[in-house]
>>> print(open('structure-v4.cif').read())   # mmCIF, C-alpha atoms
data_start
#
loop_
_atom_site.label_atom_id
_atom_site.label_comp_id
_atom_site.auth_asym_id
_atom_site.auth_seq_id
_atom_site.Cartn_x
_atom_site.Cartn_y
_atom_site.Cartn_z
CA MET K 1 -54.95 90.08 -54.79
CA ALA K 2 -54.57 92.90 -52.25
CA LYS K 3 -55.80 91.41 -48.99
CA PRO K 4 -57.65 88.14 -49.31
CA ASP K 5 -55.86 86.84 -46.21
CA ARG K 6 -58.70 86.90 -43.73
CA GLY K 7 -61.27 85.04 -45.80
CA ASP K 8 -58.70 82.44 -46.80
CA ASP K 9 -57.75 81.79 -43.20
CA VAL K 10 -61.27 80.77 -42.24
CA THR K 11 -61.55 78.17 -45.01
CA LEU K 12 -58.01 77.07 -44.24
CA ASN K 13 -58.90 76.46 -40.61
CA ARG K 14 -61.99 74.51 -41.57
CA GLY K 15 -59.94 72.41 -43.99
CA ARG K 16 -57.27 71.93 -41.37
CA GLY K 17 -59.73 70.23 -38.99
CA LEU K 18 -60.80 67.86 -41.76
CA VAL K 19 -57.20 67.04 -42.73
CA LEU K 20 -56.27 66.53 -39.08
CA GLY K 21 -59.23 64.18 -38.60
CA LEU K 22 -58.37 62.19 -41.71
CA THR K 23 -54.71 61.95 -40.71
CA VAL K 24 -55.54 60.77 -37.21
CA ALA K 25 -57.97 58.20 -38.65
CA LEU K 26 -55.35 56.97 -41.12
CA VAL K 27 -52.57 56.70 -38.52
CA GLY K 28 -54.96 55.04 -36.07
CA GLY K 29 -56.16 52.56 -38.67
CA LEU K 30 -52.64 51.69 -39.80
CA SER K 31 -51.43 51.28 -36.21
CA ALA K 32 -54.38 49.03 -35.42
CA ALA K 33 -53.68 46.94 -38.53
CA LEU K 34 -50.01 46.68 -37.61
CA LEU K 35 -50.80 45.61 -34.05
CA THR K 36 -53.18 42.86 -35.16
CA LEU K 37 -50.57 41.29 -37.47
CA PRO K 38 -49.07 38.06 -36.17
CA ALA K 39 -45.54 38.66 -34.90
CA ASN K 40 -43.69 36.18 -37.09
CA THR K 41 -45.13 36.72 -40.54
CA PRO K 42 -42.95 35.22 -43.23
CA ARG K 43 -41.17 38.10 -44.95
CA LEU K 44 -39.67 38.40 -48.39
CA ALA K 45 -36.39 39.85 -47.14
CA GLU K 46 -34.84 36.49 -46.34
CA THR K 47 -35.81 34.97 -49.68
CA ALA K 48 -34.40 37.97 -51.49
CA LEU K 49 -31.15 37.95 -49.48
CA SER K 50 -30.60 34.23 -49.90
CA ARG K 51 -31.10 34.43 -53.67
CA THR K 52 -29.13 37.63 -54.31
CA PRO K 53 -26.06 35.66 -55.54
CA GLU K 54 -28.19 34.23 -58.37
CA SER K 55 -28.73 37.73 -59.75
CA GLU K 56 -24.97 38.15 -60.26
CA VAL K 57 -24.96 41.47 -58.40
CA LEU K 58 -23.84 41.74 -54.78
CA ASN K 59 -26.04 44.60 -53.64
CA PRO K 60 -29.39 43.10 -52.55
CA VAL K 61 -31.20 46.39 -53.19
CA THR K 62 -30.07 46.41 -56.82
CA ALA K 63 -30.92 42.72 -57.13
CA VAL K 64 -34.48 43.36 -55.98
CA LEU K 65 -34.99 46.59 -57.93
CA LEU K 66 -33.50 45.55 -61.25
CA ASN K 67 -33.95 41.79 -61.26
CA PHE K 68 -36.45 40.23 -58.86
CA ARG K 69 -38.89 43.11 -59.09
CA GLY K 70 -37.72 44.66 -62.35
CA TYR K 71 -41.34 45.27 -63.28
CA ASP K 72 -41.72 47.91 -60.54
CA THR K 73 -38.61 49.73 -61.68
CA LEU K 74 -39.70 49.60 -65.31
CA LEU K 75 -42.94 51.32 -64.32
CA GLU K 76 -41.04 53.87 -62.21
CA VAL K 77 -38.95 54.85 -65.23
CA ALA K 78 -42.19 55.14 -67.21
CA VAL K 79 -43.71 57.36 -64.49
CA LEU K 80 -40.79 59.81 -64.82
CA LEU K 81 -41.40 60.05 -68.56
CA LEU K 82 -45.12 60.55 -67.94
CA ALA K 83 -44.35 63.38 -65.51
CA ILE K 84 -42.39 65.23 -68.19
CA ILE K 85 -45.16 64.67 -70.75
CA ALA K 86 -47.72 66.01 -68.28
CA ILE K 87 -45.64 69.12 -67.53
CA TRP K 88 -44.94 69.79 -71.18
CA SER K 89 -48.61 69.58 -72.04
CA MET K 90 -49.52 72.09 -69.33
CA ALA K 91 -46.64 74.61 -69.48
CA ARG K 92 -45.60 74.73 -73.08
CA GLN K 93 -42.53 76.95 -73.10
CA ALA K 94 -40.07 77.77 -70.39
CA ARG K 95 -36.95 79.85 -70.20
CA VAL K 96 -33.99 77.61 -69.52
CA TRP K 97 -31.13 79.65 -68.17
CA ILE K 98 -31.70 81.38 -64.87
CA LYS K 99 -28.32 83.16 -64.79
CA LEU K 100 -27.83 83.89 -61.13
CA PRO K 101 -25.72 87.01 -60.44
CA ASP K 102 -22.35 86.26 -61.99
CA THR K 103 -20.02 86.20 -59.00
CA PRO K 104 -16.54 84.69 -59.31
CA VAL K 105 -17.26 82.32 -56.42
CA LEU K 106 -20.33 80.82 -58.08
CA ALA K 107 -18.72 80.57 -61.51
CA THR K 108 -15.56 78.92 -60.19
CA PHE K 109 -17.46 76.60 -57.89
CA VAL K 110 -19.80 75.42 -60.63
CA ARG K 111 -16.93 74.95 -63.11
CA LEU K 112 -15.09 72.83 -60.56
CA VAL K 113 -18.04 70.83 -59.35
CA LEU K 114 -19.84 70.00 -62.62
CA PRO K 115 -17.18 67.62 -64.01
CA LEU K 116 -16.84 66.08 -60.56
CA MET K 117 -20.59 65.43 -60.47
CA VAL K 118 -20.40 63.59 -63.80
CA ILE K 119 -17.76 61.30 -62.28
CA VAL K 120 -19.71 60.84 -59.04
CA GLY K 121 -22.91 60.05 -60.94
CA GLY K 122 -21.17 57.47 -63.11
CA TYR K 123 -19.36 56.01 -60.13
CA LEU K 124 -22.60 55.64 -58.15
CA LEU K 125 -24.11 53.84 -61.13
CA TRP K 126 -21.15 51.45 -61.37
CA LEU K 127 -21.05 50.97 -57.61
CA GLY K 128 -24.73 50.04 -57.53
CA ALA K 129 -23.96 46.45 -58.49
CA ASP K 130 -22.06 45.74 -55.29
CA LEU K 131 -22.69 48.56 -52.81
CA PRO K 132 -25.42 51.10 -52.11
CA GLY K 133 -25.93 53.19 -55.24
CA GLY K 134 -27.41 52.62 -58.66
CA ALA K 135 -29.31 54.30 -61.46
CA PHE K 136 -31.63 56.38 -59.30
CA GLN K 137 -28.87 57.71 -57.05
CA GLY K 138 -26.55 58.37 -59.98
CA GLY K 139 -29.40 59.94 -61.94
CA ALA K 140 -30.25 62.18 -59.01
CA VAL K 141 -26.66 63.44 -58.92
CA LEU K 142 -26.84 64.13 -62.67
CA GLY K 143 -30.16 65.91 -62.09
CA GLY K 144 -28.47 68.08 -59.47
CA LEU K 145 -25.75 68.80 -62.00
CA GLY K 146 -28.40 69.87 -64.50
CA VAL K 147 -30.07 72.19 -62.00
CA LEU K 148 -26.74 73.82 -61.08
CA TRP K 149 -25.86 74.21 -64.74
CA VAL K 150 -29.20 75.78 -65.55
CA ALA K 151 -29.01 78.08 -62.54
CA ALA K 152 -25.47 79.31 -63.11
CA ALA K 153 -25.34 79.12 -66.94
CA VAL K 154 -21.55 79.03 -66.95
CA TRP K 155 -21.49 77.44 -70.40
CA LEU K 156 -24.17 77.44 -73.07
CA PRO K 157 -24.29 74.31 -75.23
CA PRO K 158 -24.27 74.47 -79.06
CA ALA K 159 -27.58 74.43 -80.91
CA TRP K 160 -27.60 70.72 -81.75
CA PHE K 161 -27.58 69.90 -78.04
CA ARG K 162 -31.29 70.62 -77.88
CA ARG K 163 -32.03 67.81 -80.34
CA LEU K 164 -30.47 65.31 -77.94
CA LEU K 165 -32.90 66.10 -75.12
CA ARG K 166 -35.88 64.08 -76.30
CA PRO K 167 -33.88 60.95 -77.19
CA ALA K 168 -32.17 61.26 -73.78
CA LEU K 169 -35.59 61.41 -72.09
CA VAL K 170 -36.83 58.16 -73.59
CA ILE K 171 -33.63 56.11 -73.84
CA GLY K 172 -34.03 54.72 -70.30
CA LEU K 173 -37.53 53.37 -70.83
CA LEU K 174 -36.70 52.24 -74.36
CA ALA K 175 -33.62 50.25 -73.32
CA PHE K 176 -35.49 48.75 -70.38
CA LEU K 177 -38.40 47.68 -72.60
CA LEU K 178 -36.10 46.29 -75.30
CA VAL K 179 -34.18 44.21 -72.75
CA ALA K 180 -37.41 43.13 -71.06
CA VAL K 181 -38.83 41.87 -74.35
CA ALA K 182 -35.55 40.53 -75.77
CA VAL K 183 -35.08 38.09 -72.90
CA MET K 184 -38.43 36.52 -73.78
CA PHE K 185 -37.16 35.12 -77.06
CA PRO K 186 -35.05 32.17 -76.01
CA GLY K 187 -38.29 30.98 -74.42
CA GLY K 188 -38.10 33.00 -71.22
CA LEU K 189 -40.51 35.34 -69.51
CA LEU K 190 -40.78 39.12 -69.59
CA LEU K 191 -37.87 40.62 -67.61
CA ALA K 192 -36.51 37.17 -66.66
CA TYR K 193 -32.82 37.75 -67.36
CA PRO K 194 -30.78 34.64 -68.12
CA PRO K 195 -28.49 34.35 -65.05
CA GLU K 196 -25.21 34.36 -66.96
CA GLN K 197 -26.15 37.64 -68.69
CA ALA K 198 -27.96 39.22 -65.73
CA LYS K 199 -25.20 41.56 -64.62
CA ASN K 200 -24.49 42.92 -68.10
CA LEU K 201 -28.16 43.42 -68.85
CA ILE K 202 -28.73 45.16 -65.51
CA LEU K 203 -25.77 47.44 -66.20
CA LEU K 204 -27.08 48.22 -69.69
CA VAL K 205 -30.56 49.06 -68.39
CA GLU K 206 -29.15 51.16 -65.54
CA SER K 207 -26.75 53.08 -67.81
CA ALA K 208 -29.61 54.08 -70.08
CA ALA K 209 -31.84 54.85 -67.10
CA VAL K 210 -29.25 57.07 -65.42
CA ILE K 211 -29.19 59.36 -68.48
CA SER K 212 -32.98 59.54 -68.67
CA ILE K 213 -33.35 60.14 -64.93
CA GLY K 214 -30.75 62.92 -64.94
CA VAL K 215 -32.26 64.69 -67.95
CA THR K 216 -35.81 64.19 -66.65
CA LEU K 217 -35.03 65.72 -63.25
CA THR K 218 -33.34 68.71 -64.88
CA LEU K 219 -36.27 69.26 -67.25
CA LEU K 220 -38.71 68.94 -64.34
CA PHE K 221 -36.82 71.82 -62.74
CA ILE K 222 -37.00 73.90 -65.93
CA GLY K 223 -40.72 73.16 -65.93
CA GLY K 224 -41.63 73.41 -69.61
CA ILE K 225 -40.40 72.79 -73.13
CA PRO K 226 -37.07 74.61 -73.51
CA THR K 227 -37.67 77.58 -75.80
CA ARG K 228 -36.10 77.59 -79.24
CA GLY K 229 -32.81 79.43 -79.56
CA ASP K 230 -32.41 79.13 -75.82
CA ALA K 231 -30.95 75.61 -75.92
CA MET H 1 -26.24 54.45 -25.16
CA ILE H 2 -24.76 57.48 -26.88
CA LEU H 3 -26.18 56.27 -30.19
CA LEU H 4 -29.62 55.88 -28.66
CA GLY H 5 -29.37 59.42 -27.35
CA LEU H 6 -28.36 60.72 -30.77
CA ASP H 7 -31.21 58.80 -32.39
CA LEU H 8 -33.69 60.32 -29.97
CA LEU H 9 -32.23 63.75 -30.66
CA LEU H 10 -32.62 63.12 -34.39
CA VAL H 11 -36.26 62.15 -33.95
CA ILE H 12 -36.97 65.23 -31.84
CA VAL H 13 -35.24 67.60 -34.29
CA LEU H 14 -37.10 65.91 -37.18
CA LEU H 15 -40.45 66.53 -35.53
CA ILE H 16 -39.56 70.12 -34.66
CA SER H 17 -38.30 70.95 -38.16
CA ALA H 18 -41.34 69.29 -39.74
CA TRP H 19 -43.59 71.40 -37.52
CA PHE H 20 -41.81 74.64 -38.38
CA ALA H 21 -41.62 73.82 -42.10
CA LEU H 22 -45.42 73.56 -42.09
CA THR H 23 -46.34 76.40 -39.74
CA THR H 24 -43.86 79.18 -40.43
CA ALA H 25 -45.53 82.24 -41.93
CA ASP H 26 -42.70 83.09 -44.35
CA LEU H 27 -42.78 80.66 -47.27
CA LEU H 28 -39.04 81.10 -47.93
CA HIS H 29 -38.27 80.09 -44.35
CA GLY H 30 -40.60 77.14 -44.80
CA VAL H 31 -38.69 75.95 -47.88
CA VAL H 32 -35.30 76.33 -46.20
CA ILE H 33 -36.49 74.40 -43.15
CA PHE H 34 -37.96 71.75 -45.46
CA ILE H 35 -34.55 71.29 -47.12
CA ALA H 36 -32.92 70.89 -43.72
CA PHE H 37 -35.71 68.46 -42.79
CA GLY H 38 -34.95 66.40 -45.91
CA LEU H 39 -31.27 66.13 -44.99
CA LEU H 40 -32.23 65.01 -41.47
CA VAL H 41 -34.58 62.39 -42.97
CA ALA H 42 -31.61 61.17 -45.03
CA LEU H 43 -29.64 60.82 -41.77
CA ALA H 44 -32.55 58.87 -40.30
CA TRP H 45 -32.45 56.49 -43.29
CA VAL H 46 -28.73 55.97 -42.69
CA ARG H 47 -29.48 55.09 -39.07
CA LEU H 48 -32.13 52.64 -40.31
CA GLN H 49 -29.37 51.01 -42.41
CA ALA H 50 -30.91 51.99 -45.72
CA PRO H 51 -28.08 53.93 -47.41
CA ASP H 52 -29.69 53.57 -50.86
CA VAL H 53 -32.80 55.36 -49.69
CA ALA H 54 -30.69 57.90 -47.80
CA MET H 55 -28.87 58.89 -50.99
CA ALA H 56 -32.09 59.19 -52.95
CA GLU H 57 -33.68 61.21 -50.15
CA ALA H 58 -30.74 63.62 -49.87
CA ALA H 59 -30.52 64.17 -53.64
CA VAL H 60 -34.17 64.11 -54.69
CA GLY H 61 -36.21 64.65 -51.52
CA SER H 62 -34.08 67.44 -50.21
CA GLY H 63 -31.97 68.85 -53.04
CA LEU H 64 -34.15 68.72 -56.14
CA THR H 65 -37.46 69.21 -54.34
CA GLY H 66 -35.90 72.18 -52.55
CA ALA H 67 -34.76 73.64 -55.88
CA LEU H 68 -38.25 73.07 -57.35
CA LEU H 69 -39.92 74.74 -54.36
CA LEU H 70 -37.54 77.72 -54.52
CA SER H 71 -38.16 78.19 -58.24
CA SER H 72 -41.93 77.97 -57.84
CA LEU H 73 -41.68 80.45 -54.97
CA SER H 74 -39.91 82.97 -57.20
CA ALA H 75 -42.44 82.31 -59.99
CA MET H 76 -45.24 82.98 -57.47
CA ARG H 77 -43.63 86.24 -56.40
CA ARG H 78 -43.20 87.37 -60.01
CA ALA H 79 -46.86 86.58 -60.74
CA GLN H 80 -47.95 88.46 -57.62
CA ALA H 81 -45.82 91.50 -58.54
CA ARG H 82 -47.33 91.49 -62.04
CA ALA H 83 -50.86 91.27 -60.67
CA GLU H 84 -50.25 94.16 -58.28
CA ALA H 85 -48.66 96.28 -61.00
CA SER H 86 -51.59 95.75 -63.37
CA LYS H 87 -54.02 96.52 -60.55
CA LYS H 88 -52.27 99.83 -59.85
CA GLU H 89 -52.47 100.72 -63.53
CA GLY H 90 -56.16 99.92 -63.45
CA ASP H 91 -56.68 102.22 -60.43
CA VAL H 92 -54.96 105.11 -62.21
CA GLY H 93 -56.77 104.60 -65.50
#
>>> encode(input="structure-v4.cif", output="structure tokens")
Amino acid sequence: MAKPDRGDDVTLNRGRGLVLGLTVALVGGLSAALLTLPANTPRLAETALSRTPESEVLNPVTAVLLNFRGYDTLLEVAVLLLAIIAIWSMARQARVWIKLPDTPVLATFVRLVLPLMVIVGGYLLWLGADLPGGAFQGGAVLGGLGVLWVAAAVWLPPAWFRRLLRPALVIGLLAFLLVAVAVMFPGGLLLAYPPEQAKNLILLVESAAVISIGVTLTLLFIGGIPTRGDA
Amino acid sequence: MILLGLDLLLVIVLLISAWFALTTADLLHGVVIFIAFGLLVALAWVRLQAPDVAMAEAAVGSGLTGALLLSSLSAMRRAQARAEASKKEGDVG
């Protein structure tokens, strides 16, 4: 490990030419494809916008993500769970608490900001129905909260907290799947919410997803199964 | 006109920060510039009228990815220090 720099640089430079060539080819190909497209292709945006009111939510992004194309979002939630499973099967145990140097500024800041982040995360989730926001944004804020908590370790949770982690990881996907299948029974299709229940179902799915996304992002940061006796 | 100027400035700073994030020799500098780059990308999404994406980019693309990169950087340094320490021991023994 002492000085492998020189040899590495040569292979790096060779690889760099290849990557550069591939990138140029890709950008060139995509540009060419874009330029050959007819100018007035019918786009889905107008259809989605005109039918947003039917989804009972006002934010078109939420309407598309959770209703019109709920299938994509279902798979995205599944991908997050898969990522954790992949990491846990590679790196088995990981220390949780980083414990940055315990300065009064950090401790006070984290104590002040953590409860605020819970409110902001929940508010973003609630807001998602009508304005920009939603489960992924709220979950990302909760993930940030988790990372700050882990880094500063201002408060260590009791032992039973650890047992909640795995249920929290899967609750998003589980709720989404249950709702997706449940709406089939009155004779509907997978993920085809009945319009009068759409908003409640979307809120239910998003509330479960926000927990899973927040916990998943935090555990991705920890990068392994939390060690026993360490929370 | 002012907005167009600001947009152009944003694009230029984006390209410059992307370049430095990739080419800087110090990995820590690279990560810090990458975080700044992510926040600028979030601004760009706002200008493209996609506030949903902007929020996700600021929180995940910049914040969490930055935290992940910083923690893997410190893990790398620890591993390197261990490897060098064991090598020294080997030289002595």
>>> residues_around(input="structure-v4.cif", residues="Leu27 in chain H", least_positions_apart="6", cutoff="10 Å", atoms="all atoms listed in the file", output="list in words")
Ala21, Ile33, Leu69, Leu70 and Leu73 of chain H
>>> closest_residue(input="structure-v4.cif", among="K:Ala129, K:Val141, K:Leu177, K:Leu26", to="Ala58 in chain H", atoms="all atoms listed in the file")
K:Val141
>>> resolve_selection(input="structure-v4.cif", expression="the PyMOL selection byres ((chain K) within 6 of (chain H))", output="mmCIF file with C-alpha atoms, in the frame of the given file")
data_model
loop_
_atom_site.group_PDB
_atom_site.id
_atom_site.type_symbol
_atom_site.label_atom_id
_atom_site.label_comp_id
_atom_site.auth_asym_id
_atom_site.auth_seq_id
_atom_site.Cartn_x
_atom_site.Cartn_y
_atom_site.Cartn_z
ATOM 1 C CA PRO K 132 -25.420 51.100 -52.110
ATOM 2 C CA GLY K 133 -25.930 53.190 -55.240
ATOM 3 C CA GLN K 137 -28.870 57.710 -57.050
ATOM 4 C CA ALA K 140 -30.250 62.180 -59.010
ATOM 5 C CA PHE K 221 -36.820 71.820 -62.740
#
>>> resolve_selection(input="structure-v4.cif", expression="the PyMOL selection byres ((chain K and resi 196) around 12)", output="list in words")
Pro53, Glu54, Ser55, Glu56, Val57, Ala192, Tyr193, Pro194, Pro195, Gln197, Ala198, Lys199, Asn200, Leu201 and Ile202 of chain K
>>> write_last_selection(input="structure-v4.cif", atoms="C-alpha atoms", output="PDB file, in the coordinates of the input")
ATOM      1  CA  PRO K  53     -26.060  35.660 -55.540  1.00  0.00           C
ATOM      2  CA  GLU K  54     -28.190  34.230 -58.370  1.00  0.00           C
ATOM      3  CA  SER K  55     -28.730  37.730 -59.750  1.00  0.00           C
ATOM      4  CA  GLU K  56     -24.970  38.150 -60.260  1.00  0.00           C
ATOM      5  CA  VAL K  57     -24.960  41.470 -58.400  1.00  0.00           C
ATOM      6  CA  ALA K 192     -36.510  37.170 -66.660  1.00  0.00           C
ATOM      7  CA  TYR K 193     -32.820  37.750 -67.360  1.00  0.00           C
ATOM      8  CA  PRO K 194     -30.780  34.640 -68.120  1.00  0.00           C
ATOM      9  CA  PRO K 195     -28.490  34.350 -65.050  1.00  0.00           C
ATOM     10  CA  GLN K 197     -26.150  37.640 -68.690  1.00  0.00           C
ATOM     11  CA  ALA K 198     -27.960  39.220 -65.730  1.00  0.00           C
ATOM     12  CA  LYS K 199     -25.200  41.560 -64.620  1.00  0.00           C
ATOM     13  CA  ASN K 200     -24.490  42.920 -68.100  1.00  0.00           C
ATOM     14  CA  LEU K 201     -28.160  43.420 -68.850  1.00  0.00           C
ATOM     15  CA  ILE K 202     -28.730  45.160 -65.510  1.00  0.00           C
TER      16      ILE K 202
END
>>> residues_around(input="structure-v4.cif", residues="Leu148 in chain K", least_positions_apart="4", cutoff="9 Å", atoms="all atoms listed in the file", output="list in words")
Val110, Leu114, Gly143, Gly144, Ala152 and Ala153 of chain K
>>> atom_distance(input="structure-v4.cif", atom1="CA of Trp126 in chain K", atom2="CA of Glu76 in chain K")
20.1 Å
>>> residues_around(input="structure-v4.cif", residues="Leu44 in chain K", least_positions_apart="6", cutoff="12 Å", atoms="all atoms listed in the file", output="PDB file with C-alpha atoms, keeping the file's coordinate frame")
ATOM      1  CA  SER K  50     -30.600  34.230 -49.900  1.00  0.00           C
ATOM      2  CA  ARG K  51     -31.100  34.430 -53.670  1.00  0.00           C
ATOM      3  CA  VAL K  64     -34.480  43.360 -55.980  1.00  0.00           C
ATOM      4  CA  PHE K  68     -36.450  40.230 -58.860  1.00  0.00           C
ATOM      5  CA  ARG K  69     -38.890  43.110 -59.090  1.00  0.00           C
TER       6      ARG K  69
END
>>> residues_around(input="structure-v4.cif", residues="Leu40 in chain H", least_positions_apart="5", cutoff="12 Å", atoms="only C-alpha atoms", output="number ranges by chain")
H: 7, 9-18, 33-35, 45-47, 54-55, 57-58, 61-62
>>> write_last_selection(input="structure-v4.cif", atoms="C-alpha atoms", output="PDB file, in the coordinates of the input")
ATOM      1  CA  ASP H   7     -31.210  58.800 -32.390  1.00  0.00           C
ATOM      2  CA  LEU H   9     -32.230  63.750 -30.660  1.00  0.00           C
ATOM      3  CA  LEU H  10     -32.620  63.120 -34.390  1.00  0.00           C
ATOM      4  CA  VAL H  11     -36.260  62.150 -33.950  1.00  0.00           C
ATOM      5  CA  ILE H  12     -36.970  65.230 -31.840  1.00  0.00           C
ATOM      6  CA  VAL H  13     -35.240  67.600 -34.290  1.00  0.00           C
ATOM      7  CA  LEU H  14     -37.100  65.910 -37.180  1.00  0.00           C
ATOM      8  CA  LEU H  15     -40.450  66.530 -35.530  1.00  0.00           C
ATOM      9  CA  ILE H  16     -39.560  70.120 -34.660  1.00  0.00           C
ATOM     10  CA  SER H  17     -38.300  70.950 -38.160  1.00  0.00           C
ATOM     11  CA  ALA H  18     -41.340  69.290 -39.740  1.00  0.00           C
ATOM     12  CA  ILE H  33     -36.490  74.400 -43.150  1.00  0.00           C
ATOM     13  CA  PHE H  34     -37.960  71.750 -45.460  1.00  0.00           C
ATOM     14  CA  ILE H  35     -34.550  71.290 -47.120  1.00  0.00           C
ATOM     15  CA  TRP H  45     -32.450  56.490 -43.290  1.00  0.00           C
ATOM     16  CA  VAL H  46     -28.730  55.970 -42.690  1.00  0.00           C
ATOM     17  CA  ARG H  47     -29.480  55.090 -39.070  1.00  0.00           C
ATOM     18  CA  ALA H  54     -30.690  57.900 -47.800  1.00  0.00           C
ATOM     19  CA  MET H  55     -28.870  58.890 -50.990  1.00  0.00           C
ATOM     20  CA  GLU H  57     -33.680  61.210 -50.150  1.00  0.00           C
ATOM     21  CA  ALA H  58     -30.740  63.620 -49.870  1.00  0.00           C
ATOM     22  CA  GLY H  61     -36.210  64.650 -51.520  1.00  0.00           C
ATOM     23  CA  SER H  62     -34.080  67.440 -50.210  1.00  0.00           C
TER      24      SER H  62
END
>>> resolve_selection(input="structure-v4.cif", expression="the PyMOL selection byres ((chain K and resi 211) around 12)", output="PyMOL selection string")
chain K and resi 77+118+121-122+125+135-143+145-146+164-175+204-210+212-218
>>> atom_distance(input="structure-v4.cif", atom1="CA of Gly128 in chain K", atom2="CA of Asn67 in chain K")
12.9 Å
>>> atom_distance(input="structure-v4.cif", atom1="CA of Thr73 in chain K", atom2="CA of Leu203 in chain K")
13.8 Å
>>> axis_aligned_box(input="structure-v4.cif", around="range 69-74 of chain H", padding_each_side="5 Å", output="AutoDock Vina command-line options")
--center_x -39.7 --center_y 78.9 --center_z -56.3 --size_x 14.4 --size_y 18.2 --size_z 13.9
>>> closest_residue(input="structure-v4.cif", among="H:Thr24, H:Gly66, H:Phe37, H:Glu89", to="Val147 in chain K", atoms="all atoms listed in the file")
H:Gly66
>>> closest_residue(input="structure-v4.cif", among="K:Val105, K:Leu178, K:Ala94, K:Val61", to="Leu190 in chain K", atoms="only C-alpha atoms")
K:Leu178
>>> decode(input="structure-v4.cif", residues="range 159-175 of chain K", atoms="N, CA and C atoms", output="PDB file, in the first residue's frame")
ATOM      1  N   ALA K 159     -33.341  -0.483  24.946  1.00  0.00           N
ATOM      2  CA  ALA K 159     -32.974  -1.689  24.209  1.00  0.00           C
ATOM      3  C   ALA K 159     -34.070  -2.164  23.251  1.00  0.00           C
ATOM      4  N   TRP K 160     -35.341  -1.959  23.622  1.00  0.00           N
ATOM      5  CA  TRP K 160     -36.409  -2.493  22.769  1.00  0.00           C
ATOM      6  C   TRP K 160     -36.506  -1.746  21.442  1.00  0.00           C
ATOM      7  N   PHE K 161     -35.861  -0.583  21.367  1.00  0.00           N
ATOM      8  CA  PHE K 161     -35.927   0.231  20.156  1.00  0.00           C
ATOM      9  C   PHE K 161     -35.405  -0.538  18.943  1.00  0.00           C
ATOM     10  N   ARG K 162     -34.372  -1.359  19.223  1.00  0.00           N
ATOM     11  CA  ARG K 162     -33.731  -2.109  18.153  1.00  0.00           C
ATOM     12  C   ARG K 162     -34.711  -3.051  17.454  1.00  0.00           C
ATOM     13  N   ARG K 163     -35.668  -3.595  18.258  1.00  0.00           N
ATOM     14  CA  ARG K 163     -36.604  -4.559  17.687  1.00  0.00           C
ATOM     15  C   ARG K 163     -37.602  -3.890  16.742  1.00  0.00           C
ATOM     16  N   LEU K 164     -37.687  -2.558  16.816  1.00  0.00           N
ATOM     17  CA  LEU K 164     -38.614  -1.855  15.934  1.00  0.00           C
ATOM     18  C   LEU K 164     -38.024  -1.614  14.548  1.00  0.00           C
ATOM     19  N   LEU K 165     -36.694  -1.765  14.425  1.00  0.00           N
ATOM     20  CA  LEU K 165     -36.041  -1.357  13.178  1.00  0.00           C
ATOM     21  C   LEU K 165     -36.525  -2.180  11.986  1.00  0.00           C
ATOM     22  N   ARG K 166     -36.541  -3.496  12.140  1.00  0.00           N
ATOM     23  CA  ARG K 166     -36.918  -4.327  10.988  1.00  0.00           C
ATOM     24  C   ARG K 166     -38.366  -4.138  10.563  1.00  0.00           C
ATOM     25  N   PRO K 167     -39.318  -4.118  11.535  1.00  0.00           N
ATOM     26  CA  PRO K 167     -40.693  -3.791  11.121  1.00  0.00           C
ATOM     27  C   PRO K 167     -40.771  -2.434  10.425  1.00  0.00           C
ATOM     28  N   ALA K 168     -40.004  -1.442  10.928  1.00  0.00           N
ATOM     29  CA  ALA K 168     -40.047  -0.111  10.317  1.00  0.00           C
ATOM     30  C   ALA K 168     -39.515  -0.150   8.884  1.00  0.00           C
ATOM     31  N   LEU K 169     -38.538  -1.041   8.638  1.00  0.00           N
ATOM     32  CA  LEU K 169     -37.967  -1.143   7.293  1.00  0.00           C
ATOM     33  C   LEU K 169     -38.995  -1.641   6.279  1.00  0.00           C
ATOM     34  N   VAL K 170     -39.827  -2.601   6.706  1.00  0.00           N
ATOM     35  CA  VAL K 170     -40.709  -3.242   5.726  1.00  0.00           C
ATOM     36  C   VAL K 170     -42.113  -2.643   5.689  1.00  0.00           C
ATOM     37  N   ILE K 171     -42.459  -1.798   6.677  1.00  0.00           N
ATOM     38  CA  ILE K 171     -43.857  -1.367   6.778  1.00  0.00           C
ATOM     39  C   ILE K 171     -44.293  -0.607   5.518  1.00  0.00           C
ATOM     40  N   GLY K 172     -43.386   0.149   4.905  1.00  0.00           N
ATOM     41  CA  GLY K 172     -43.745   0.923   3.717  1.00  0.00           C
ATOM     42  C   GLY K 172     -44.186   0.017   2.578  1.00  0.00           C
ATOM     43  N   LEU K 173     -43.317  -0.965   2.266  1.00  0.00           N
ATOM     44  CA  LEU K 173     -43.628  -1.884   1.174  1.00  0.00           C
ATOM     45  C   LEU K 173     -44.860  -2.718   1.495  1.00  0.00           C
ATOM     46  N   LEU K 174     -44.944  -3.146   2.760  1.00  0.00           N
ATOM     47  CA  LEU K 174     -46.060  -3.993   3.183  1.00  0.00           C
ATOM     48  C   LEU K 174     -47.388  -3.257   3.023  1.00  0.00           C
ATOM     49  N   ALA K 175     -47.455  -2.021   3.535  1.00  0.00           N
ATOM     50  CA  ALA K 175     -48.698  -1.253   3.439  1.00  0.00           C
ATOM     51  C   ALA K 175     -49.054  -1.005   1.982  1.00  0.00           C
TER      52      ALA K 175
END
